[in-house]
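Trainee: Could you have a look at this structure, given as structure tokens, before my questions?
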Amino acid sequence: MTYTSRVFNHSKKLRNAPNLLRQEHSTLVRWFSKKARPFSSKGDDILKIPGERYRDCNCPSTASFGHTYRAINTDTITSLGILKGNVSRTAMKMGIPVTGSLLSKGFSGSCMHLRRGFSSDSGLPAHQKIGMPSLSPTMTEGNIARWLKKEGDKISPGEVLCEVETDKATVEMECMEEGYLAKIIQGDGAKEIKVGEVIAITVEEEEDIAKFKDYKPSPSDAAAESKGLSDSTPPKKEEVKEEPTSSPEPKSSKASAAPSTEGRIFASPLARKLAEEHNVPLSSIKGTGPDGSIVKADIEDYLASRGKEGSLTAPKVTDTMALDYTDLPHSQIRKITASRLLLSKQTIPHYYLTVDTCVDKLMDLRSQLNSIQEASGGKRISINDLVIKAAALALRKVPQCNSSWTNDYIRQYHNVNINVAVQTDNGLFVPVVKDADKKGLSKISEEVKQLAQKAKENSLKPADYEGGTFTVSNLGGPFGIKQFCAIINPPQSGILAIGSAEKRVVPGTGPDEFKFASFMSVTLSCDHRVIDGAIGAEWLKAFKSYIENPESMLL
């Protein structure tokens, strides 16, 4: 009988499987009979009896836990040992850890990036590595705001482990399994942690905590950090330390034979850093390292030839005027705001349409509604609430503006979800009022106040800011800005900038007649790939109609 094996590590939780506890791994056996049958059939089970050979027992697929192993179609196991086919029900019952990184389809990896660790030569007990979770579609790295659990604390599913500062808000990260927090790898205030990078270790038994006191992640755990590097980065050359010689001629002759690979210059990281600090072009240096690569000694020789032996220390400050300044570290929300708005201005063809709207009737209606709200104990309605409602109704009337651009098509949304820009001490947030066209003014006012308060407390959840189809930014009411042009919030195709209201003199019908009226300037920023000028003008016409005839919004 010929067989091959596949090893699966197992958890300490398999206490009711005595056969598994006697060894470090359980074994799945691929069985070949003496007949011409290339693969074991799906109904064949293998029973492993200690001290005896593997026997074909033809047990049912629901045999007792821990004693039978359903055969897997091993033809679906690649040379790297990654499962791409069907995993047996028995294997799943046994708790063999399966993650999205192991299966190509049928399973999805947890956003928590949990990874099971097992006993090894280092003597570490079974443990679980908790990675930085991906808490939003655009998140690539995060910061640890603070840990709510300490090392040694018992943890249960649903309990909050720590607060993670994402690219949009601060989110609570909950525990997925019961156990003990053995080691915190990334402490309070840790910055720029890549998604998937290990931040903590948990164990199942309290007595195992002490074994992780001096634990440090292995290099393989940190390998995920380098995945973002370009594939074109040349392989890292090991720096070769050479004894200084009195004459550089041998080095030059050696370097002359160095092969040139498509014009790329190979240099050690230390040599590149030293060359960058002293503005030395690598193309002007002949390397003496392996295969003609440039090493630190080559840079030092080059600087020495220019009479700069003393410049190998930190560059001297030659500024005659010393400026007094403070460097403020980027917060996560500031970095993502910068990258997204830069992307917007660089890739979206903006154009702007401005119109003045008379808001006298709108302010009169607001006064009447607030009188009713105060009498009923409700919250006051703001001009911004009325603007959100008018914008939502205009989007329903002109749905082309409620769309976004993709390379293959223009996606037109059936939901009208309005993002509202809120400035806080932590940065700019844009929580969303969903289905604003279907909600009353009182409901919109209540939601906007709740979301603004959450934004100021830095406690917005992903559901509070994801899914917007259009944005409203108001700098008029809070700050008195007369008129401005806003940057489109991708992937949306429009954003409305609201200026302040001001009284103006309006000519009457007669030569000596005039009256006063309040006008508010609004500017619509459009993505010309999606919204043509006439469509944008049509939307502004509908918006102006709702603002100047606000009773129509109540119909």
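We name chains A, B, ... following the order of the structure tokens; residues begin at 1 in each chain, and ligands are numbered from 1 as shown.
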What's around range 458-468 of chain A at 7 Å? Count only C-alpha atoms, leave out sequence neighbours fewer than 4 positions away in its own chain, and write the answer as a list of chain:residue names.
Mentor: A:Ser136, A:Ala169, A:Thr170, A:Val171, A:Asn417, A:Ile418, A:Asn419, A:Val430, A:Pro431, A:Val432, A:Lys454
Trainee: Hey, can you spit out that residue selection with N, CA, C and O atoms as an mmCIF file, in the first residue's frame?
Mentor:
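As a result, part.cif now contains:
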```cif
data_model
loop_
_atom_site.group_PDB
_atom_site.id
_atom_site.type_symbol
_atom_site.label_atom_id
_atom_site.label_comp_id
_atom_site.auth_asym_id
_atom_site.auth_seq_id
_atom_site.Cartn_x
_atom_site.Cartn_y
_atom_site.Cartn_z
ATOM 1 N N SER A 136 -12.312 49.369 7.254
ATOM 2 C CA SER A 136 -12.999 50.143 6.227
ATOM 3 C C SER A 136 -12.419 49.768 4.883
ATOM 4 O O SER A 136 -11.297 49.243 4.813
ATOM 5 N N ALA A 169 -12.245 57.071 11.284
ATOM 6 C CA ALA A 169 -12.761 57.282 12.645
ATOM 7 C C ALA A 169 -12.019 56.362 13.599
ATOM 8 O O ALA A 169 -11.162 55.575 13.197
ATOM 9 N N THR A 170 -12.352 56.465 14.879
ATOM 10 C CA THR A 170 -11.819 55.558 15.893
ATOM 11 C C THR A 170 -12.858 54.488 16.171
ATOM 12 O O THR A 170 -13.998 54.796 16.534
ATOM 13 N N VAL A 171 -12.476 53.226 15.981
ATOM 14 C CA VAL A 171 -13.405 52.110 16.047
ATOM 15 C C VAL A 171 -12.954 51.142 17.132
ATOM 16 O O VAL A 171 -11.763 50.903 17.317
ATOM 17 N N ASN A 417 -28.333 59.355 -0.541
ATOM 18 C CA ASN A 417 -27.648 59.430 0.746
ATOM 19 C C ASN A 417 -26.724 60.650 0.744
ATOM 20 O O ASN A 417 -25.793 60.719 -0.053
ATOM 21 N N ILE A 418 -27.005 61.583 1.633
ATOM 22 C CA ILE A 418 -26.292 62.856 1.645
ATOM 23 C C ILE A 418 -25.230 62.863 2.737
ATOM 24 O O ILE A 418 -25.560 62.732 3.928
ATOM 25 N N ASN A 419 -23.962 63.001 2.331
ATOM 26 C CA ASN A 419 -22.887 63.214 3.298
ATOM 27 C C ASN A 419 -22.873 64.683 3.712
ATOM 28 O O ASN A 419 -23.062 65.574 2.889
ATOM 29 N N VAL A 430 -17.263 63.263 7.293
ATOM 30 C CA VAL A 430 -18.437 63.415 6.427
ATOM 31 C C VAL A 430 -19.448 62.302 6.729
ATOM 32 O O VAL A 430 -19.622 61.375 5.928
ATOM 33 N N PRO A 431 -20.136 62.362 7.864
ATOM 34 C CA PRO A 431 -21.179 61.369 8.150
ATOM 35 C C PRO A 431 -22.314 61.484 7.143
ATOM 36 O O PRO A 431 -22.484 62.513 6.483
ATOM 37 N N VAL A 432 -23.091 60.423 7.016
ATOM 38 C CA VAL A 432 -24.094 60.339 5.953
ATOM 39 C C VAL A 432 -25.502 60.249 6.521
ATOM 40 O O VAL A 432 -25.753 59.545 7.502
ATOM 41 N N LYS A 454 -21.245 62.660 17.306
ATOM 42 C CA LYS A 454 -20.371 61.486 17.213
ATOM 43 C C LYS A 454 -19.034 61.850 16.569
ATOM 44 O O LYS A 454 -17.978 61.372 16.992
#
```
Trainee: By how many Å are CA of Gln346 in chain A and CA of Ile487 in chain A apart?
Mentor: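 These atoms are spaced 10.8 Å apart.
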Trainee: Between A:Ile294, A:Ile388, A:Leu353, A:Leu303, single out the one closest to Pro269 in chain A, counting only C-alpha atoms.
Mentor: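 The closest residue to Pro269 in chain A is A:Ile294.
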Trainee: Quick one: residues within 12 Å of Leu555 in chain A, only C-alpha atoms, excluding same-chain residues fewer than 5 positions away - as an mmCIF file with N, CA and C atoms, in the first residue's frame?
Mentor:
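Result file follows (part_28.cif):
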```
data_model
loop_
_atom_site.group_PDB
_atom_site.id
_atom_site.type_symbol
_atom_site.label_atom_id
_atom_site.label_comp_id
_atom_site.auth_asym_id
_atom_site.auth_seq_id
_atom_site.Cartn_x
_atom_site.Cartn_y
_atom_site.Cartn_z
ATOM 1 N N LEU A 393 -34.103 66.174 -2.684
ATOM 2 C CA LEU A 393 -35.230 66.191 -3.612
ATOM 3 C C LEU A 393 -34.780 66.559 -5.021
ATOM 4 N N ASP A 437 -34.101 61.910 0.981
ATOM 5 C CA ASP A 437 -35.267 62.352 0.214
ATOM 6 C C ASP A 437 -36.570 61.814 0.777
ATOM 7 N N LYS A 438 -36.496 60.746 1.555
ATOM 8 C CA LYS A 438 -37.696 60.114 2.107
ATOM 9 C C LYS A 438 -37.958 60.502 3.564
ATOM 10 N N GLY A 440 -38.437 63.222 6.858
ATOM 11 C CA GLY A 440 -38.937 64.547 7.163
ATOM 12 C C GLY A 440 -37.843 65.441 7.725
ATOM 13 N N TYR A 546 -36.659 74.636 -4.928
ATOM 14 C CA TYR A 546 -37.045 74.139 -3.597
ATOM 15 C C TYR A 546 -36.682 75.152 -2.509
ATOM 16 N N ASN A 549 -39.088 78.198 -2.887
ATOM 17 C CA ASN A 549 -40.482 77.795 -2.631
ATOM 18 C C ASN A 549 -40.461 76.600 -1.693
ATOM 19 N N PRO A 550 -40.073 76.835 -0.446
ATOM 20 C CA PRO A 550 -39.826 75.705 0.471
ATOM 21 C C PRO A 550 -41.073 74.896 0.808
#
```
Trainee: Any idea what's packed within 10 Å of Ser404 in chain A, counting only C-alpha atoms, ignoring anything in its chain fewer than 2 positions away? Could you give it as a ChimeraX atom specification?
Mentor: /A:400-402,406,409-413,469-470,490-494,527,529-531
Trainee: Between CA of Lys379 in chain A and CA of Lys443 in chain A, measure the distance and give it in Å to one decimal.
Mentor: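 Calculated distance between CA of Lys379 in chain A and CA of Lys443 in chain A is 9.4 Å.
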Trainee: For each of A:Glu197, A:Glu300, A:Asp435, A:Asp408, take the minimum atom-to-atom distance to Leu395 in chain A, counting only C-alpha atoms, then give the residue where this is smallest.
Mentor: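 Of A:Glu197, A:Glu300, A:Asp435, A:Asp408, the one nearest Leu395 in chain A, counting only C-alpha atoms, is A:Asp435.
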Trainee: Find the residues around Glu165 in chain A up to 9 Å (only C-alpha atoms counted), leave out those fewer than 2 positions away in its own chain, and share them as a short mmCIF file (atom, residue, chain, number, x, y, z; two decimals) with N, CA and C atoms, in the first residue's frame.
Mentor:
```cif
data_model
loop_
_atom_site.label_atom_id
_atom_site.label_comp_id
_atom_site.auth_asym_id
_atom_site.auth_seq_id
_atom_site.Cartn_x
_atom_site.Cartn_y
_atom_site.Cartn_z
N GLY A 142 -3.39 51.40 10.41
CA GLY A 142 -4.13 52.04 11.51
C GLY A 142 -3.24 52.32 12.69
N ASN A 143 -3.80 53.06 13.63
CA ASN A 143 -3.10 53.39 14.87
C ASN A 143 -3.86 52.79 16.05
N ILE A 144 -3.13 52.45 17.10
CA ILE A 144 -3.75 51.99 18.34
C ILE A 144 -4.00 53.22 19.21
N ALA A 145 -5.27 53.58 19.40
CA ALA A 145 -5.59 54.72 20.25
C ALA A 145 -5.31 54.37 21.71
N GLU A 163 -9.11 50.33 21.07
CA GLU A 163 -9.68 51.29 20.14
C GLU A 163 -8.66 51.54 19.03
N ASP A 167 -8.67 55.13 9.02
CA ASP A 167 -8.54 56.26 8.11
C ASP A 167 -9.75 57.18 8.15
N LYS A 168 -10.81 56.80 8.88
CA LYS A 168 -12.01 57.62 8.93
C LYS A 168 -12.48 57.93 10.34
N ALA A 169 -12.25 57.07 11.28
CA ALA A 169 -12.76 57.28 12.64
C ALA A 169 -12.02 56.36 13.60
N THR A 170 -12.35 56.47 14.88
CA THR A 170 -11.82 55.56 15.89
C THR A 170 -12.86 54.49 16.17
N VAL A 171 -12.48 53.23 15.98
CA VAL A 171 -13.41 52.11 16.05
C VAL A 171 -12.95 51.14 17.13
N GLU A 172 -13.93 50.60 17.86
CA GLU A 172 -13.64 49.59 18.89
C GLU A 172 -13.43 48.24 18.24
N SER A 331 -2.31 62.81 11.80
CA SER A 331 -3.29 61.85 12.30
C SER A 331 -3.74 60.99 11.14
N GLN A 332 -4.37 59.86 11.46
CA GLN A 332 -4.81 58.96 10.41
C GLN A 332 -5.86 59.62 9.51
N ILE A 333 -6.78 60.38 10.12
CA ILE A 333 -7.83 61.03 9.34
C ILE A 333 -7.23 62.12 8.46
#
```
Trainee: Name all residues at most 6 Å from Leu496 in chain A (count only C-alpha atoms; drop same-chain ones fewer than 5 positions away) and give them as a ChimeraX atom specification.
Mentor: /A:472,523-524
Trainee: Using only C-alpha atoms, which of the listed residues (A:Gly189, A:Pro125, A:Pro281, A:Gly427) sits closest to Glu207 in chain A?
Mentor: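 Nearest candidate to Glu207 in chain A out of A:Gly189, A:Pro125, A:Pro281, A:Gly427: A:Pro125.
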Trainee: Which residue, A:Thr166, A:Thr202, A:Ser403, A:Ser293, has the smallest gap to Gly179 in chain A when you use only C-alpha atoms?
Mentor: A:Thr202
Trainee: Extract, using only C-alpha atoms, all DNA, RNA and protein residues at most 9 Å from Glu502 in chain A, discarding same-chain residues fewer than 6 positions from it, and format them as an MDAnalysis selection string.
Mentor: chainID A and resid 482 517:520
